[in-house]
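Quick look at data_25.cif (mmCIF, C-alpha atoms):
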data_data
#
loop_
_atom_site.label_atom_id
_atom_site.label_comp_id
_atom_site.auth_asym_id
_atom_site.auth_seq_id
_atom_site.Cartn_x
_atom_site.Cartn_y
_atom_site.Cartn_z
CA MET A 1 -17.83 -14.17 51.43
CA LYS A 2 -17.48 -14.45 47.64
CA THR A 3 -14.10 -14.92 46.00
CA ALA A 4 -13.05 -14.88 42.36
CA ASN A 5 -9.86 -15.31 40.37
CA LEU A 6 -9.57 -12.08 38.40
CA ALA A 7 -7.09 -9.96 36.50
CA ILE A 8 -6.77 -6.55 38.15
CA VAL A 9 -5.84 -3.40 36.23
CA PHE A 10 -4.78 -0.12 37.83
CA THR A 11 -4.25 3.05 35.78
CA ASP A 12 -3.50 6.65 36.63
CA ILE A 13 -2.35 9.85 34.92
CA LYS A 14 1.30 10.84 35.12
CA GLY A 15 1.82 14.04 37.14
CA PHE A 16 -1.88 14.46 37.89
CA THR A 17 -1.44 15.94 41.38
CA GLU A 18 1.04 18.59 40.19
CA ARG A 19 -1.12 19.30 37.16
CA THR A 20 -4.21 19.80 39.33
CA SER A 21 -2.43 22.53 41.27
CA ARG A 22 -2.08 24.54 38.05
CA GLN A 23 -5.66 24.07 36.83
CA THR A 24 -8.98 25.67 37.60
CA LEU A 25 -11.74 23.36 38.82
CA GLU A 26 -13.39 23.55 35.39
CA GLU A 27 -10.15 22.66 33.59
CA ASN A 28 -9.60 19.71 35.90
CA GLN A 29 -13.14 18.44 35.31
CA ARG A 30 -12.65 18.66 31.55
CA LEU A 31 -9.39 16.72 31.83
CA LEU A 32 -11.08 13.92 33.78
CA GLN A 33 -14.02 13.84 31.37
CA VAL A 34 -11.71 13.43 28.38
CA HIS A 35 -9.66 10.84 30.29
CA GLU A 36 -12.77 8.77 31.02
CA ALA A 37 -14.09 9.13 27.46
CA LEU A 38 -10.81 7.75 26.13
CA LEU A 39 -10.28 4.85 28.55
CA ALA A 40 -13.68 3.58 29.67
CA PRO A 41 -14.88 2.32 26.23
CA LEU A 42 -11.65 0.34 25.79
CA PHE A 43 -11.97 -1.36 29.17
CA LYS A 44 -15.46 -2.45 28.19
CA ALA A 45 -14.43 -3.46 24.67
CA PHE A 46 -12.04 -6.04 26.14
CA GLY A 47 -14.50 -7.36 28.72
CA GLY A 48 -13.41 -5.25 31.67
CA ARG A 49 -15.60 -4.22 34.60
CA ILE A 50 -14.82 -0.83 36.10
CA ILE A 51 -14.88 -1.29 39.88
CA LYS A 52 -14.13 2.30 40.81
CA SER A 53 -12.70 5.55 39.51
CA ILE A 54 -11.07 7.86 42.04
CA GLY A 55 -9.81 11.10 40.51
CA ASP A 56 -7.41 10.10 37.75
CA ALA A 57 -7.23 6.41 38.78
CA PHE A 58 -9.20 3.42 37.47
CA LEU A 59 -9.53 0.00 39.12
CA VAL A 60 -10.83 -2.53 36.61
CA THR A 61 -11.25 -6.32 36.68
CA PHE A 62 -11.13 -8.82 33.83
CA GLU A 63 -11.85 -12.53 33.70
CA SER A 64 -9.03 -12.95 31.16
CA PRO A 65 -5.44 -11.82 31.90
CA THR A 66 -4.80 -11.64 28.15
CA GLN A 67 -7.72 -9.27 27.61
CA ALA A 68 -6.58 -7.18 30.56
CA VAL A 69 -3.13 -6.62 29.04
CA LEU A 70 -4.60 -6.02 25.57
CA SER A 71 -6.84 -3.31 27.00
CA GLY A 72 -3.73 -1.58 28.37
CA ILE A 73 -2.01 -1.78 24.99
CA ALA A 74 -5.09 -0.35 23.25
CA ILE A 75 -5.27 2.48 25.80
CA GLN A 76 -1.67 3.51 25.20
CA ASP A 77 -2.09 3.53 21.41
CA ARG A 78 -5.36 5.45 21.62
CA LEU A 79 -3.72 8.05 23.87
CA TRP A 80 -0.85 8.30 21.37
CA HIS A 81 -3.35 9.17 18.63
CA HIS A 82 -5.07 11.63 20.99
CA ASN A 83 -1.87 13.35 22.11
CA ARG A 84 -0.42 13.97 18.65
CA GLU A 85 -2.62 17.01 18.07
CA LEU A 86 -2.05 18.61 21.48
CA LEU A 87 0.57 20.74 23.15
CA GLU A 88 2.68 18.85 25.70
CA ASP A 89 0.93 20.48 28.67
CA ASP A 90 -2.47 19.31 27.38
CA GLN A 91 -1.53 15.70 26.68
CA ILE A 92 -2.60 12.70 28.78
CA HIS A 93 -0.01 10.06 29.69
CA VAL A 94 -1.05 7.13 31.86
CA ARG A 95 0.53 4.15 33.58
CA VAL A 96 -1.09 0.71 33.30
CA ALA A 97 -0.34 -2.14 35.73
CA VAL A 98 -1.86 -5.64 35.71
CA ASN A 99 -1.89 -8.48 38.24
CA VAL A 100 -3.99 -11.63 38.59
CA GLY A 101 -5.11 -13.63 41.63
CA GLU A 102 -7.95 -14.62 43.93
CA VAL A 103 -9.71 -11.63 45.46
CA ARG A 104 -12.64 -11.06 47.79
CA VAL A 105 -15.67 -9.50 46.12
CA GLU A 106 -17.84 -7.43 48.46
CA ASN A 107 -20.43 -4.77 47.67
CA ASN A 108 -19.14 -4.08 44.15
CA ASP A 109 -15.57 -3.75 45.41
CA ILE A 110 -12.57 -6.10 45.57
CA PHE A 111 -10.00 -6.75 48.28
CA GLY A 112 -6.95 -8.92 48.84
CA GLU A 113 -3.22 -9.16 48.25
CA PRO A 114 -3.54 -9.36 44.42
CA VAL A 115 -5.12 -5.88 44.52
CA ASN A 116 -2.32 -4.55 46.72
CA ILE A 117 0.33 -6.02 44.41
CA ALA A 118 -1.31 -4.44 41.33
CA ALA A 119 -1.32 -1.07 43.09
CA ARG A 120 2.35 -1.40 44.03
CA VAL A 121 3.37 -2.42 40.50
CA GLU A 122 1.55 0.62 39.16
CA GLY A 123 3.77 2.71 41.42
CA ILE A 124 6.90 1.54 39.57
CA THR A 125 5.34 1.64 36.09
CA ASP A 126 6.58 4.32 33.72
CA ALA A 127 4.20 6.63 31.86
CA ASP A 128 2.99 5.28 28.49
CA GLU A 129 3.92 1.72 29.60
CA VAL A 130 2.03 -1.49 30.40
CA PHE A 131 3.62 -3.47 33.26
CA PHE A 132 2.37 -6.82 34.56
CA THR A 133 3.39 -9.41 37.12
CA GLU A 134 4.81 -12.90 36.67
CA ALA A 135 1.38 -14.30 37.60
CA VAL A 136 -0.07 -12.55 34.53
CA TYR A 137 2.84 -13.65 32.34
CA LEU A 138 2.31 -17.31 33.30
CA SER A 139 -1.44 -17.26 32.72
CA MET A 140 -1.86 -15.08 29.61
CA ASN A 141 -1.75 -16.15 25.97
CA LYS A 142 1.83 -15.31 24.98
CA ALA A 143 1.01 -15.71 21.29
CA GLU A 144 -1.26 -12.65 21.53
CA VAL A 145 0.80 -10.45 23.83
CA PRO A 146 4.56 -9.85 23.44
CA SER A 147 6.46 -9.52 26.69
CA GLN A 148 9.82 -8.48 28.10
CA GLU A 149 11.07 -8.91 31.66
CA VAL A 150 11.79 -5.71 33.58
CA GLY A 151 13.23 -7.31 36.72
CA SER A 152 12.44 -8.43 40.28
CA PHE A 153 11.29 -5.84 42.80
CA GLU A 154 10.74 -5.61 46.53
CA LEU A 155 7.38 -3.87 46.90
CA LYS A 156 6.27 -2.15 50.10
CA GLY A 157 4.11 -4.41 52.23
CA ILE A 158 4.55 -7.41 49.89
CA PRO A 159 6.67 -10.36 51.10
CA GLY A 160 9.43 -11.54 48.77
CA LYS A 161 10.35 -10.15 45.37
CA ILE A 162 7.86 -9.81 42.52
CA ARG A 163 8.99 -10.43 38.94
CA VAL A 164 7.65 -7.72 36.66
CA PHE A 165 7.25 -7.76 32.88
CA ARG A 166 6.32 -5.11 30.33
CA VAL A 167 4.85 -5.01 26.83
CA PRO A 168 7.74 -4.00 24.54
CA ARG A 169 7.26 -1.36 21.90
CA ALA A 170 6.45 -2.30 18.30
CA PRO A 171 7.55 -3.66 15.87
CA TYR A 172 7.21 -7.24 17.07
CA ARG A 173 7.93 -9.30 13.97
CA VAL A 174 11.35 -8.22 12.77
CA GLU A 175 14.66 -9.97 12.39
CA ALA A 176 17.69 -8.99 14.43
CA PRO A 177 19.24 -5.76 13.15
CA ALA A 178 22.04 -6.18 10.63
CA PRO A 179 25.47 -4.99 11.86
CA ASP A 180 25.34 -2.01 9.54
CA ALA A 181 21.61 -1.33 10.01
CA VAL A 182 20.59 2.28 10.46
CA LEU A 183 18.47 2.38 13.61
CA PRO A 184 15.42 4.66 13.65
CA THR A 185 15.74 8.07 15.22
CA PRO A 186 13.49 9.09 18.14
CA GLU A 187 11.64 11.34 15.69
CA GLU A 188 10.92 8.41 13.37
CA LEU A 189 9.71 6.23 16.24
CA SER A 190 7.48 9.02 17.54
CA SER A 191 5.61 9.05 14.20
CA LEU A 192 4.25 5.54 14.84
CA PRO A 193 1.90 4.28 17.59
CA PRO A 194 4.00 2.69 20.36
CA TYR A 195 2.31 -0.70 20.16
CA GLY A 196 1.51 -0.70 16.45
CA ASN A 197 -2.29 -0.68 17.02
CA LEU A 198 -1.88 -4.36 17.95
CA ALA A 199 -4.92 -4.27 20.25
CA LEU A 200 -6.64 -1.09 19.07
CA ALA A 201 -7.26 -2.64 15.64
CA ARG A 202 -9.49 -5.25 17.33
CA VAL A 203 -11.95 -2.64 18.56
CA ALA A 204 -14.99 -2.18 16.31
CA ASP A 205 -14.86 1.62 16.62
CA PRO A 206 -11.35 2.76 17.60
CA GLY A 207 -12.65 6.29 18.19
CA LEU A 208 -9.57 8.03 16.83
CA ASP A 209 -11.63 11.18 16.33
CA LEU A 210 -11.43 11.70 20.10
CA GLY A 211 -8.29 13.68 19.43
CA ALA A 212 -10.61 16.50 18.41
CA LEU A 213 -12.41 16.19 21.74
CA GLY A 214 -9.11 16.56 23.56
CA GLN A 215 -8.20 19.60 21.54
CA ARG A 216 -11.53 21.24 22.30
CA ALA A 217 -11.04 20.48 25.98
CA ALA A 218 -7.64 22.15 25.80
CA GLY A 219 -9.28 25.31 24.49
CA VAL A 220 -12.02 25.85 21.94
CA GLY A 221 -10.81 29.36 21.29
CA ALA A 222 -7.33 28.18 20.30
CA ALA A 223 -8.75 25.62 17.89
CA VAL A 224 -10.98 28.20 16.25
CA GLY A 225 -8.03 30.54 15.89
CA GLN A 226 -5.96 27.84 14.24
CA ARG A 227 -8.71 27.05 11.74
CA ALA A 228 -9.05 30.73 10.92
CA ALA A 229 -5.30 31.02 10.31
CA ALA A 230 -5.37 27.92 8.15
CA GLY A 231 -8.25 29.32 6.13
CA ALA A 232 -6.34 32.53 5.42
CA VAL A 233 -3.58 30.68 3.55
CA ALA A 234 -5.68 27.87 2.10
CA VAL A 235 -6.18 29.53 -1.29
CA GLY A 236 -2.47 29.98 -1.97
CA GLN A 237 -1.56 26.51 -0.78
CA ARG A 238 -4.34 24.86 -2.76
CA ALA A 239 -2.62 25.79 -6.00
CA THR A 240 0.62 24.14 -4.95
CA VAL A 241 -0.99 20.76 -4.20
CA LEU A 242 -3.26 20.40 -7.23
CA GLY A 243 -0.60 18.49 -9.15
CA LYS A 244 -0.03 16.12 -6.23
CA GLN A 245 -3.77 15.53 -5.86
CA ALA A 246 -4.06 14.79 -9.55
CA ARG A 247 -1.37 12.13 -9.26
CA THR A 248 -3.06 10.74 -6.15
CA ALA A 249 -6.40 10.48 -7.96
CA THR A 250 -4.76 8.68 -10.89
CA ASP A 251 -2.96 6.23 -8.59
CA ALA A 252 -6.18 5.56 -6.72
CA LEU A 253 -8.06 4.94 -9.95
CA TRP A 254 -5.34 2.58 -11.20
CA ALA A 255 -5.37 0.63 -7.94
CA ARG A 256 -9.14 0.20 -8.00
CA VAL A 257 -9.25 -0.96 -11.61
CA TYR A 258 -6.15 -3.10 -11.19
CA ALA A 259 -7.80 -4.91 -8.29
CA ARG A 260 -10.71 -5.88 -10.53
CA LEU A 261 -8.69 -7.26 -13.46
CA PRO A 262 -8.34 -11.07 -13.80
CA PRO A 263 -5.05 -12.50 -12.48
CA ALA A 264 -4.25 -13.72 -15.98
CA ILE A 265 -3.97 -10.10 -17.08
CA THR A 266 -2.53 -8.44 -13.99
CA SER A 267 0.23 -11.02 -13.62
CA LYS A 268 1.53 -9.97 -17.04
CA VAL A 269 1.49 -6.25 -16.32
CA SER A 270 4.76 -5.10 -14.76
CA SER A 271 5.11 -2.08 -12.55
CA THR A 272 6.92 -0.25 -15.37
CA VAL A 273 3.99 -0.72 -17.78
CA ALA A 274 1.40 0.36 -15.22
CA GLY A 275 2.01 4.01 -15.99
CA TRP A 276 0.29 6.98 -17.53
CA GLY A 277 -0.51 5.32 -20.84
CA VAL A 278 -2.28 2.34 -19.29
CA SER A 279 -3.98 4.54 -16.72
CA ALA A 280 -5.32 6.80 -19.48
CA VAL A 281 -6.84 3.85 -21.34
CA LEU A 282 -8.32 2.44 -18.16
CA LEU A 283 -9.70 5.88 -17.28
CA ALA A 284 -11.67 5.93 -20.49
CA VAL A 285 -12.98 2.43 -19.83
CA VAL A 286 -13.98 3.29 -16.28
CA LEU A 287 -15.75 6.49 -17.26
CA LEU A 288 -17.70 4.63 -19.92
CA GLY A 289 -18.56 2.01 -17.33
CA GLY A 290 -20.09 4.46 -14.90
CA GLY A 291 -17.22 6.33 -13.21
CA LEU A 292 -15.46 4.83 -10.23
CA LEU A 293 -14.39 8.24 -8.99
CA LEU A 294 -17.89 9.38 -8.15
CA GLY A 295 -17.58 7.92 -4.66
CA GLU A 296 -14.23 9.59 -3.97
CA GLY A 297 -15.53 13.10 -3.33
CA GLY A 298 -17.34 14.70 -0.45
CA PRO A 299 -16.40 17.28 2.18
CA ALA A 300 -14.60 14.81 4.45
CA LEU A 301 -12.33 13.47 1.72
CA ARG A 302 -11.58 16.96 0.43
CA ALA A 303 -10.64 18.00 3.98
CA ILE A 304 -8.40 14.94 4.27
CA ARG A 305 -6.60 15.87 1.05
CA ASP A 306 -6.06 19.38 2.41
CA VAL A 307 -4.03 17.85 5.25
CA GLU A 308 -1.33 16.70 2.82
CA GLY A 309 1.71 18.93 2.66
CA THR A 310 0.95 20.78 5.90
CA SER A 311 2.62 20.70 9.31
CA GLY A 312 2.49 22.20 12.79
CA ALA A 313 -0.51 24.23 13.91
CA GLU A 314 -1.91 24.35 10.40
CA ARG A 315 -1.92 20.56 10.13
CA ALA A 316 -3.50 20.23 13.60
CA ALA A 317 -6.32 22.55 12.57
CA ARG A 318 -6.92 20.71 9.28
CA VAL A 319 -6.80 17.30 10.96
CA SER A 320 -9.39 18.46 13.50
CA GLU A 321 -11.63 19.74 10.74
CA ALA A 322 -11.29 16.49 8.80
CA ARG A 323 -12.21 14.48 11.90
CA ARG A 324 -15.24 16.66 12.47
CA LEU A 325 -16.43 16.01 8.92
CA ILE A 326 -15.68 12.29 9.15
CA LYS A 327 -18.06 12.06 12.11
CA GLN A 328 -20.83 13.36 9.83
CA GLU A 329 -20.29 10.59 7.26
CA GLU A 330 -22.19 7.30 7.14
CA PRO A 331 -21.03 4.89 9.89
CA ASP A 332 -19.82 2.30 7.37
CA GLN A 333 -17.42 4.86 5.84
CA ARG A 334 -15.88 6.35 8.98
CA VAL A 335 -13.21 3.71 9.56
CA TYR A 336 -12.11 3.95 5.92
CA LEU A 337 -11.98 7.75 6.08
CA ASN A 338 -9.96 7.63 9.31
CA GLY A 339 -7.55 5.43 7.39
CA ARG A 340 -7.35 8.02 4.62
CA LEU A 341 -6.61 10.68 7.24
CA GLU A 342 -3.76 8.62 8.71
CA GLU A 343 -2.43 8.05 5.19
CA ALA A 344 -2.56 11.78 4.45
CA GLN A 345 -0.30 12.32 7.46
CA GLY A 346 2.13 9.61 6.33
CA ASN A 347 1.15 7.24 9.16
CA TRP A 348 1.25 4.08 7.06
CA GLY A 349 0.91 1.53 9.88
CA PRO A 350 -2.27 3.03 11.41
CA ALA A 351 -3.67 3.60 7.91
CA MET A 352 -3.25 -0.07 6.99
CA ALA A 353 -4.76 -1.21 10.31
CA LEU A 354 -7.84 0.96 9.73
CA TYR A 355 -8.21 -0.13 6.10
CA ALA A 356 -8.02 -3.76 7.20
CA GLN A 357 -10.70 -3.10 9.80
CA ALA A 358 -12.93 -1.43 7.18
CA VAL A 359 -12.59 -4.44 4.89
CA ARG A 360 -13.38 -6.93 7.69
CA LYS A 361 -16.23 -4.93 9.18
CA ASP A 362 -17.96 -3.44 6.13
CA GLY A 363 -16.38 -5.12 3.11
CA ASN A 364 -15.28 -1.63 2.08
CA GLY A 365 -14.05 -1.78 -1.52
CA ARG A 366 -12.27 1.56 -1.31
CA ALA A 367 -10.26 0.39 1.70
CA GLU A 368 -9.40 -2.79 -0.19
CA SER A 369 -8.18 -0.77 -3.16
CA ARG A 370 -6.05 1.51 -0.98
CA LEU A 371 -4.32 -1.49 0.54
CA ILE A 372 -3.65 -2.93 -2.90
CA SER A 373 -2.28 0.41 -4.09
CA PHE A 374 0.30 0.26 -1.28
CA LEU A 375 1.93 -2.66 -3.12
CA LYS A 376 3.26 -0.03 -5.55
CA HIS A 377 4.45 2.37 -2.86
CA GLU A 378 7.96 3.81 -3.14
CA GLN A 379 8.83 2.71 0.42
CA CYS A 380 9.82 -0.93 0.75
CA GLY A 381 8.40 -1.21 4.28
CA VAL A 382 4.97 0.01 3.18
CA ARG A 383 4.86 -2.53 0.34
CA SER A 384 5.92 -5.33 2.68
CA GLY A 385 3.39 -4.32 5.33
CA ALA A 386 0.60 -4.15 2.76
CA ALA A 387 1.49 -7.62 1.46
CA GLU A 388 1.19 -9.07 4.98
CA VAL A 389 -2.11 -7.30 5.66
CA LEU A 390 -3.63 -8.39 2.35
CA ALA A 391 -2.63 -11.99 2.97
CA GLY A 392 -4.20 -11.83 6.42
CA LEU A 393 -7.44 -10.57 4.88
CA HIS A 394 -7.43 -13.49 2.36
CA LEU A 395 -8.19 -11.11 -0.53
CA GLU A 396 -8.15 -12.88 -3.87
CA SER A 397 -8.33 -9.49 -5.59
CA ALA A 398 -4.78 -8.89 -4.35
CA ARG A 399 -3.35 -12.02 -5.99
CA GLY A 400 -2.45 -10.37 -9.31
CA PRO A 401 -0.74 -7.31 -7.79
CA LEU A 402 1.08 -9.58 -5.32
CA GLU A 403 2.32 -11.77 -8.18
CA THR A 404 3.59 -8.66 -9.95
CA LEU A 405 5.44 -7.51 -6.82
CA ALA A 406 6.82 -11.02 -6.24
CA ASP A 407 8.16 -11.06 -9.83
CA ASP A 408 9.44 -7.49 -10.15
CA GLY A 409 10.09 -6.31 -6.59
CA GLY A 410 10.36 -2.60 -5.96
CA PRO A 411 12.70 0.26 -5.03
CA ASN A 412 15.22 -0.36 -2.22
CA ASP A 413 14.46 -4.07 -1.89
CA GLY A 414 17.27 -5.76 0.01
CA ALA A 415 18.49 -2.50 1.51
CA SER A 416 19.22 -2.24 5.21
CA GLY A 417 16.43 -0.53 7.10
CA GLY A 418 13.16 -2.43 6.89
CA PHE A 419 9.87 -0.92 7.96
CA LEU A 420 11.43 0.81 10.99
CA GLY A 421 15.06 0.54 10.04
CA LEU A 422 15.57 -2.55 12.17
CA SER A 423 16.15 -5.21 9.51
CA THR A 424 16.68 -5.84 5.82
CA CYS A 425 13.56 -5.03 3.82
CA ASP A 426 12.52 -7.19 0.86
CA SER A 427 9.01 -6.52 -0.46
CA LYS A 428 9.54 -9.08 -3.23
CA LYS A 429 10.05 -11.77 -0.61
CA ALA A 430 7.12 -10.43 1.43
CA ALA A 431 4.84 -10.69 -1.61
CA ALA A 432 5.96 -14.26 -2.28
CA SER A 433 5.22 -15.16 1.35
CA ALA A 434 1.79 -13.53 1.11
CA LEU A 435 1.01 -15.57 -2.02
CA LYS A 436 1.84 -18.77 -0.14
CA ARG A 437 -0.60 -17.78 2.58
CA LEU A 438 -3.29 -17.06 0.00
CA ALA A 439 -2.70 -20.43 -1.64
CA ALA A 440 -3.10 -22.15 1.73
CA ASN A 441 -6.58 -20.70 2.25
#
Mind turning this structure into structure tokens?
Amino acid sequence: MKTANLAIVFTDIKGFTERTSRQTLEENQRLLQVHEALLAPLFKAFGGRIIKSIGDAFLVTFESPTQAVLSGIAIQDRLWHHNRELLEDDQIHVRVAVNVGEVRVENNDIFGEPVNIAARVEGITDADEVFFTEAVYLSMNKAEVPSQEVGSFELKGIPGKIRVFRVPRAPYRVEAPAPDAVLPTPEELSSLPPYGNLALARVADPGLDLGALGQRAAGVGAAVGQRAAAGAVAVGQRATVLGKQARTATDALWARVYARLPPAITSKVSSTVAGWGVSAVLLAVVLLGGGLLLGEGGPALRAIRDVEGTSGAERAARVSEARRLIKQEEPDQRVYLNGRLEEAQGNWGPAMALYAQAVRKDGNGRAESRLISFLKHEQCGVRSGAAEVLAGLHLESARGPLETLADDGGPNDGASGGFLGLSTCDSKKAAASALKRLAAN
């Protein structure tokens, strides 16, 4: 008999049995296919071994408890991205439970009390949550995985009480709320991934375009109808966004040129000077030098820009079309373009995570420039988040813009709210901290 000390992960879909009763066999098969396409690659990305899949349930083992919990976090964030474009009845919400212990390994299956405990913990886990036992808490790397105790539970067939923990929702690095802080509304929280892409950003190909797969599974005919409706009004709406796109192009150009100027120059240029006059001069220089905007076109990027200013079914159709076109781009540009798509929807956190991944993976200069441009954003939280990301990437090209932000600050610095309204936001201080981290490298 072979034994091994393994982390055990159980997952299942919320309300699957009731949902099956309302579906045809074909619809149920499509649901399970999409479910597997979303989850299986993430298990493998974090070193998991799928032992079995029964209906909507997965049993997976990991050698590392930390990787097991991270896979659960990544799954919940990926499903959040997937579900945003779907009607509530077509969404997928899963429960993830993790335990660790010595199990018997026989004929590609596992047995033992640790497996039973994991199954019982899954039974008390809420949808969209990652629960884990005290055994996991004691053995995992707590610096990588935030945790919060849920309580002690008596589980059927398990002697004694089992302490259970959960992964709390993002953000993780914020100060205690000020007494007069304005807490975020449920609507504001729902616009951000529940775990801040903490684990999903580690995956080489996050596969966020799988939202389109889910939408097709929910009904190809409906998606086609939405695109047709969007096309009928596209001409009129295009005229209303031309001015906004022109400003976006100018800001993008400024950010890219600004990133290439020596620190001796950029540190002297304040945010009030970096306006239309300077941009016009730099535009002439850039065009004479070969034209930096030539790489900013293409069907995918035009489709991404068409997402801006839309909402509801029209936005869903345009997002799906943009994702379809992104899949046709060169592999080294897809992560960057997915970041642009998140940015077009105002999802600043996911956008920054994808840009950072594009810089690390491909050295993408456009992603680098977008991150630097966020240092001039009107929202304090976006500026602060960009400063932290740029420092983590060790980008010397960001030194000048960071010095400018550290000297001049930006709108709403010091106001109560922060990135999610949970603390006081100070992008000037964030930039100064980022500069210290750059100096330490």
Using all atoms listed in the file, collect all residues at a distance of at most 12 Å from (-19.4, -7.4, 49.0) as written in the file, then present them as an mmCIF file with C-alpha atoms, in the coordinates of the input.
data_model
loop_
_atom_site.group_PDB
_atom_site.id
_atom_site.type_symbol
_atom_site.label_atom_id
_atom_site.label_comp_id
_atom_site.auth_asym_id
_atom_site.auth_seq_id
_atom_site.Cartn_x
_atom_site.Cartn_y
_atom_site.Cartn_z
ATOM 1 C CA MET A 1 -17.830 -14.170 51.430
ATOM 2 C CA LYS A 2 -17.480 -14.450 47.640
ATOM 3 C CA THR A 3 -14.100 -14.920 46.000
ATOM 4 C CA ALA A 4 -13.050 -14.880 42.360
ATOM 5 C CA ILE A 51 -14.880 -1.290 39.880
ATOM 6 C CA VAL A 103 -9.710 -11.630 45.460
ATOM 7 C CA ARG A 104 -12.640 -11.060 47.790
ATOM 8 C CA VAL A 105 -15.670 -9.500 46.120
ATOM 9 C CA GLU A 106 -17.840 -7.430 48.460
ATOM 10 C CA ASN A 107 -20.430 -4.770 47.670
ATOM 11 C CA ASN A 108 -19.140 -4.080 44.150
ATOM 12 C CA ASP A 109 -15.570 -3.750 45.410
ATOM 13 C CA ILE A 110 -12.570 -6.100 45.570
ATOM 14 C CA PHE A 111 -10.000 -6.750 48.280
#
| query | What lies within 9 Å of stretch 119-132 of chain A using all atoms listed in the file, ignoring chain neighbours under 6 positions off, as a VMD selection string? | reply | chain A and resid 9 to 14 69 72 to 73 76 to 77 79 to 80 93 to 100 150 153 155 to 158 162 to 169 194
Could you write out that same residue set with C-alpha atoms as a CSV table (one decimal), in the frame of the given file?
chain,number,residue,atom,x,y,z
A,9,VAL,CA,-5.8,-3.4,36.2
A,10,PHE,CA,-4.8,-0.1,37.8
A,11,THR,CA,-4.2,3.0,35.8
A,12,ASP,CA,-3.5,6.6,36.6
A,13,ILE,CA,-2.4,9.8,34.9
A,14,LYS,CA,1.3,10.8,35.1
A,69,VAL,CA,-3.1,-6.6,29.0
A,72,GLY,CA,-3.7,-1.6,28.4
A,73,ILE,CA,-2.0,-1.8,25.0
A,76,GLN,CA,-1.7,3.5,25.2
A,77,ASP,CA,-2.1,3.5,21.4
A,79,LEU,CA,-3.7,8.0,23.9
A,80,TRP,CA,-0.8,8.3,21.4
A,93,HIS,CA,0.0,10.1,29.7
A,94,VAL,CA,-1.0,7.1,31.9
A,95,ARG,CA,0.5,4.2,33.6
A,96,VAL,CA,-1.1,0.7,33.3
A,97,ALA,CA,-0.3,-2.1,35.7
A,98,VAL,CA,-1.9,-5.6,35.7
A,99,ASN,CA,-1.9,-8.5,38.2
A,100,VAL,CA,-4.0,-11.6,38.6
A,150,VAL,CA,11.8,-5.7,33.6
A,153,PHE,CA,11.3,-5.8,42.8
A,155,LEU,CA,7.4,-3.9,46.9
A,156,LYS,CA,6.3,-2.2,50.1
A,157,GLY,CA,4.1,-4.4,52.2
A,158,ILE,CA,4.6,-7.4,49.9
A,162,ILE,CA,7.9,-9.8,42.5
A,163,ARG,CA,9.0,-10.4,38.9
A,164,VAL,CA,7.6,-7.7,36.7
A,165,PHE,CA,7.2,-7.8,32.9
A,166,ARG,CA,6.3,-5.1,30.3
A,167,VAL,CA,4.8,-5.0,26.8
A,168,PRO,CA,7.7,-4.0,24.5
A,169,ARG,CA,7.3,-1.4,21.9
A,194,PRO,CA,4.0,2.7,20.4
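Relative to atom CA of A:Lys428, atom CA of A:Glu396 is found at 18.1 Å.
Between atom CA of A:Arg305 and atom CA of A:Gly385 lies a distance of 22.9 Å.
Picture a line from atom CA of A:Glu368 to atom CA of A:Gln67; it runs 28.6 Å.
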| field | Selection under test: the PyMOL selection byres ((chain A and resi 66) around 12); residues as a PyMOL selection string | value | chain A and resi 6-9+46-48+61-65+67-73+98-100+132+135-147+167+199
| request: List, as a PyMOL selection string, every residue that the PyMOL selection byres ((chain A and resi 350) around 9) selects in the file provided. | output: chain A and resi 192-193+196-197+201+339+342-343+347-349+351-355
| query | Which polymer residues have any atom within 12 Å of an atom of A:Gly55, counting only C-alpha atoms, with same-chain residues fewer than 4 positions away left out, as a PyMOL selection string? | reply | chain A and resi 11-13+16-17+20+28-29+31-33+35-36+59
| message | Give me, as a ChimeraX atom specification, all polymer residues having an atom no more than 8 Å from A:Gly410, counting all atoms listed in the file and skipping those fewer than 4 positions away in the same chain. | response | /A:376,378,380,405,427-428
Deliver the residues from the most recent selection as a file, using C-alpha atoms, as a CSV table (one decimal), keeping the file's coordinate frame.
chain,number,residue,atom,x,y,z
A,376,LYS,CA,3.3,0.0,-5.6
A,378,GLU,CA,8.0,3.8,-3.1
A,380,CYS,CA,9.8,-0.9,0.8
A,405,LEU,CA,5.4,-7.5,-6.8
A,427,SER,CA,9.0,-6.5,-0.5
A,428,LYS,CA,9.5,-9.1,-3.2
| said: Using only C-alpha atoms - which residues lie no farther than 10 Å from the point (-17.6, 15.6, 6.2) in the file's frame? Write them as a PyMOL selection string. | reply: chain A and resi 298-304+321-330+334+337
Resulting file, chosen residues, C-alpha atoms, as a short mmCIF file (atom, residue, chain, number, x, y, z; two decimals), keeping the file's coordinate frame:
data_model
loop_
_atom_site.label_atom_id
_atom_site.label_comp_id
_atom_site.auth_asym_id
_atom_site.auth_seq_id
_atom_site.Cartn_x
_atom_site.Cartn_y
_atom_site.Cartn_z
CA GLY A 298 -17.34 14.70 -0.45
CA PRO A 299 -16.40 17.28 2.18
CA ALA A 300 -14.60 14.81 4.45
CA LEU A 301 -12.33 13.47 1.72
CA ARG A 302 -11.58 16.96 0.43
CA ALA A 303 -10.64 18.00 3.98
CA ILE A 304 -8.40 14.94 4.27
CA GLU A 321 -11.63 19.74 10.74
CA ALA A 322 -11.29 16.49 8.80
CA ARG A 323 -12.21 14.48 11.90
CA ARG A 324 -15.24 16.66 12.47
CA LEU A 325 -16.43 16.01 8.92
CA ILE A 326 -15.68 12.29 9.15
CA LYS A 327 -18.06 12.06 12.11
CA GLN A 328 -20.83 13.36 9.83
CA GLU A 329 -20.29 10.59 7.26
CA GLU A 330 -22.19 7.30 7.14
CA ARG A 334 -15.88 6.35 8.98
CA LEU A 337 -11.98 7.75 6.08
#
